[in-house]
Amino acid sequence: MTENEIKDKVVEILKPYVRNTDNLGSVSNSTHIITDLEVNSSRLVDVILAFEDEFDIEVSDEEADKVQTIGDAVAMIKAKI
Amino acid sequence: MPEKINLKEQTELFLQWFLGQLVILPLGFVIIAYLTYGLKYRIRELKRLRKQYREIIHSKQPILIASNHLTMIDSIILHMAFNSVVGYFFNYRSLSWNMPAREVFGTNWRWKYLTYLGKSIPVDRNGSREHHDKVLRKTMFLLKKGEPFTIFPEGGRTRTGKIDIQNVRYGIGSIISNLDTDCRVLCVYMRGDGQEQYSNFPKKGETFYIKADLIHPKTDATGIRAHRDLTMQVVNRLEDMEKEYFETHNPSGE
């Protein structure tokens, strides 16, 4: 799976949790999930669990803590699949 | 799973427990007198609630109290509901521990001392994993000793006035999951008749509806999936209790 394909899926997973949908159209690797997309920090756990289901991976608490941007998520998933 | 609590932390908790019991009579009487005669708060079916709590607390099996959260003094109203000041003095274990937000209660010295003497472990909601692990360690230690612990699964007062799934954090599920023994959860739905939205304090002359229901959350899942599963069992029960409230009560109190 290419980096772009992973990114597209990551954005798709994030969509239901995004409150600032205006920024969704211009997502890049540096887009911050909480500050730019305004995903509720309490829901990040659900996003991580959705990554696990979609990509059939396991994410530890420490790895989950490091996911702050779209690029972080893509890099973590790419390293695991 | 966080490491076990160390001797220094145990000593700190014991000292807090000891000092709290030392002042429970004078401090408790002043607070309850102010709430009862100053603010004229009343709780419906008080005897039934206290009997139910007494029976539940009799066992030393770990117990969490999970409640909806609408005002800053919900914990105090729950203390008022579950036992008398004298009852707490003679059975200090029955006074539940709390986990107040440091950014709310740690900024004012009066609240700081009051929460310390009222069996509280402040938590910084945006704190580091190390900080949350430390709070989790202390919570689990106390639960295993049979000390009840009150938690608000929504993390803070709900801005919508109703249970807000969007703000639910999975901390309560994490505690239940990390305990290596069965944990009971007393789900509590509380609401003043005049409470329409969240507020700092309930209205003067408020009468409270409080319902408590004991559940035993279980899951076959592991890790954060288990935390979510266990938390949602508690929150779904609270949602059902809220639904029951609105089916039988007029929220305007008319």
# chains A, B, ... in the order shown; residues from 1 in each chain; ligands from 1
$ closest_atom_pairs --of "chain B" --to "chain A" --cutoff "8 Å" --atoms "only C-alpha atoms" --output "JSON lines"
{"residue": "B:Gln166", "atom": "CA", "partner": "A:Arg43", "partner_atom": "CA", "distance": 7.2}
{"residue": "B:Asn167", "atom": "CA", "partner": "A:Ser42", "partner_atom": "CA", "distance": 5.9}
{"residue": "B:Val168", "atom": "CA", "partner": "A:Ser42", "partner_atom": "CA", "distance": 6.6}
{"residue": "B:Arg169", "atom": "CA", "partner": "A:Ser42", "partner_atom": "CA", "distance": 5.5}
{"residue": "B:Ile224", "atom": "CA", "partner": "A:Val45", "partner_atom": "CA", "distance": 7.5}
{"residue": "B:Arg225", "atom": "CA", "partner": "A:Leu49", "partner_atom": "CA", "distance": 7.1}
$ write_last_selection --atoms "N, CA and C atoms" --output "PDB file, in the first residue's frame"
ATOM      1  N   GLN B 166     -19.713  12.326  23.346  1.00  0.00           N
ATOM      2  CA  GLN B 166     -18.535  12.864  22.646  1.00  0.00           C
ATOM      3  C   GLN B 166     -17.382  13.182  23.590  1.00  0.00           C
ATOM      4  N   ASN B 167     -17.709  13.478  24.862  1.00  0.00           N
ATOM      5  CA  ASN B 167     -16.641  13.848  25.794  1.00  0.00           C
ATOM      6  C   ASN B 167     -16.258  12.727  26.746  1.00  0.00           C
ATOM      7  N   VAL B 168     -16.858  11.570  26.569  1.00  0.00           N
ATOM      8  CA  VAL B 168     -16.548  10.460  27.474  1.00  0.00           C
ATOM      9  C   VAL B 168     -15.106  10.032  27.275  1.00  0.00           C
ATOM     10  N   ARG B 169     -14.377   9.927  28.385  1.00  0.00           N
ATOM     11  CA  ARG B 169     -13.005   9.414  28.345  1.00  0.00           C
ATOM     12  C   ARG B 169     -13.022   8.006  28.888  1.00  0.00           C
ATOM     13  N   ILE B 224      -6.795  -1.037  25.053  1.00  0.00           N
ATOM     14  CA  ILE B 224      -7.686   0.132  25.044  1.00  0.00           C
ATOM     15  C   ILE B 224      -9.088  -0.214  24.543  1.00  0.00           C
ATOM     16  N   ARG B 225      -9.176  -1.328  23.802  1.00  0.00           N
ATOM     17  CA  ARG B 225     -10.491  -1.796  23.352  1.00  0.00           C
ATOM     18  C   ARG B 225     -11.333  -2.211  24.577  1.00  0.00           C
TER      19      ARG B 225
END
$ select_by_dssp --residues "stretch 137-235 of chain B" --states "helix (DSSP H, G or I)" --output "PyMOL selection string"
chain B and resi 137-144+165-167+171-178+223-235
$ closest_residue --among "B:Leu186, B:Asp133, B:Lys204, B:Met241" --to "B:Gly38" --atoms "only C-alpha atoms"
B:Lys204
$ closest_atom_pairs --of "stretch 59-102 of chain B" --to "stretch 25-36 of chain B" --cutoff "9 Å" --atoms "only C-alpha atoms" --output "Markdown table"
| residue | atom | partner | partner_atom | distance |
| --- | --- | --- | --- | --- |
| B:Ile76 | CA | B:Ile31 | CA | 8.8 |
| B:Ile77 | CA | B:Leu35 | CA | 8.8 |
| B:Met80 | CA | B:Ile32 | CA | 7.2 |
| B:Ser84 | CA | B:Gly28 | CA | 8.9 |
| B:Val85 | CA | B:Gly28 | CA | 5.7 |
| B:Val86 | CA | B:Leu25 | CA | 6.9 |
| B:Tyr88 | CA | B:Leu25 | CA | 8.5 |
| B:Phe89 | CA | B:Leu25 | CA | 6.6 |
$ residues_around --residues "A:Leu14" --least-positions-apart "5" --cutoff "12 Å" --atoms "only C-alpha atoms" --output "number ranges by chain"
A: 7-9, 19-21, 24, 27, 32-34, 37-40, 43-51, 69-70, 73
$ atom_distance --atom1 "atom CA of B:Arg54" --atom2 "atom CA of B:Gly87"
9.9 Å
$ residues_around --residues "stretch 150-158 of chain B" --least-positions-apart "6" --cutoff "7 Å" --atoms "only C-alpha atoms" --output "list in words"
Leu64, Ile65, Ala66, Ser67, Asn68, His69, Leu70, Thr71, Ser96, Trp97, Asn98, Met99, Asp164, Asn167, Val168, Arg169, Ile172 and Tyr198 of chain B
$ write_last_selection --atoms "C-alpha atoms" --output "JSON list (two decimals), in the first residue's frame"
[["chain", "number", "residue", "atom", "x", "y", "z"],
["B", 64, "LEU", "CA", -16.40, 2.75, 41.67],
["B", 65, "ILE", "CA", -19.18, 5.32, 41.77],
["B", 66, "ALA", "CA", -19.86, 6.67, 38.28],
["B", 67, "SER", "CA", -22.10, 9.68, 37.99],
["B", 68, "ASN", "CA", -23.30, 12.19, 35.43],
["B", 69, "HIS", "CA", -21.83, 15.64, 36.03],
["B", 70, "LEU", "CA", -23.70, 18.96, 35.93],
["B", 71, "THR", "CA", -22.32, 21.17, 38.70],
["B", 96, "SER", "CA", -15.69, 8.06, 48.60],
["B", 97, "TRP", "CA", -12.46, 9.36, 47.10],
["B", 98, "ASN", "CA", -12.68, 11.78, 44.18],
["B", 99, "MET", "CA", -10.62, 12.81, 41.21],
["B", 164, "ASP", "CA", -22.41, 13.75, 26.35],
["B", 167, "ASN", "CA", -16.64, 13.85, 25.79],
["B", 168, "VAL", "CA", -16.55, 10.46, 27.47],
["B", 169, "ARG", "CA", -13.00, 9.41, 28.34],
["B", 172, "ILE", "CA", -12.98, 4.38, 34.17],
["B", 198, "TYR", "CA", -24.57, 22.73, 33.46]]
$ residues_around --residues "stretch 229-237 of chain B" --least-positions-apart "2" --cutoff "7 Å" --atoms "only C-alpha atoms" --output "PyMOL selection string"
chain B and resi 170+172-173+187+217-219+225-227+239-241
$ residues_around --residues "B:Gln21" --least-positions-apart "5" --cutoff "10 Å" --atoms "only C-alpha atoms" --output "PyMOL selection string"
chain B and resi 15-16+27+88-93+95+117-119
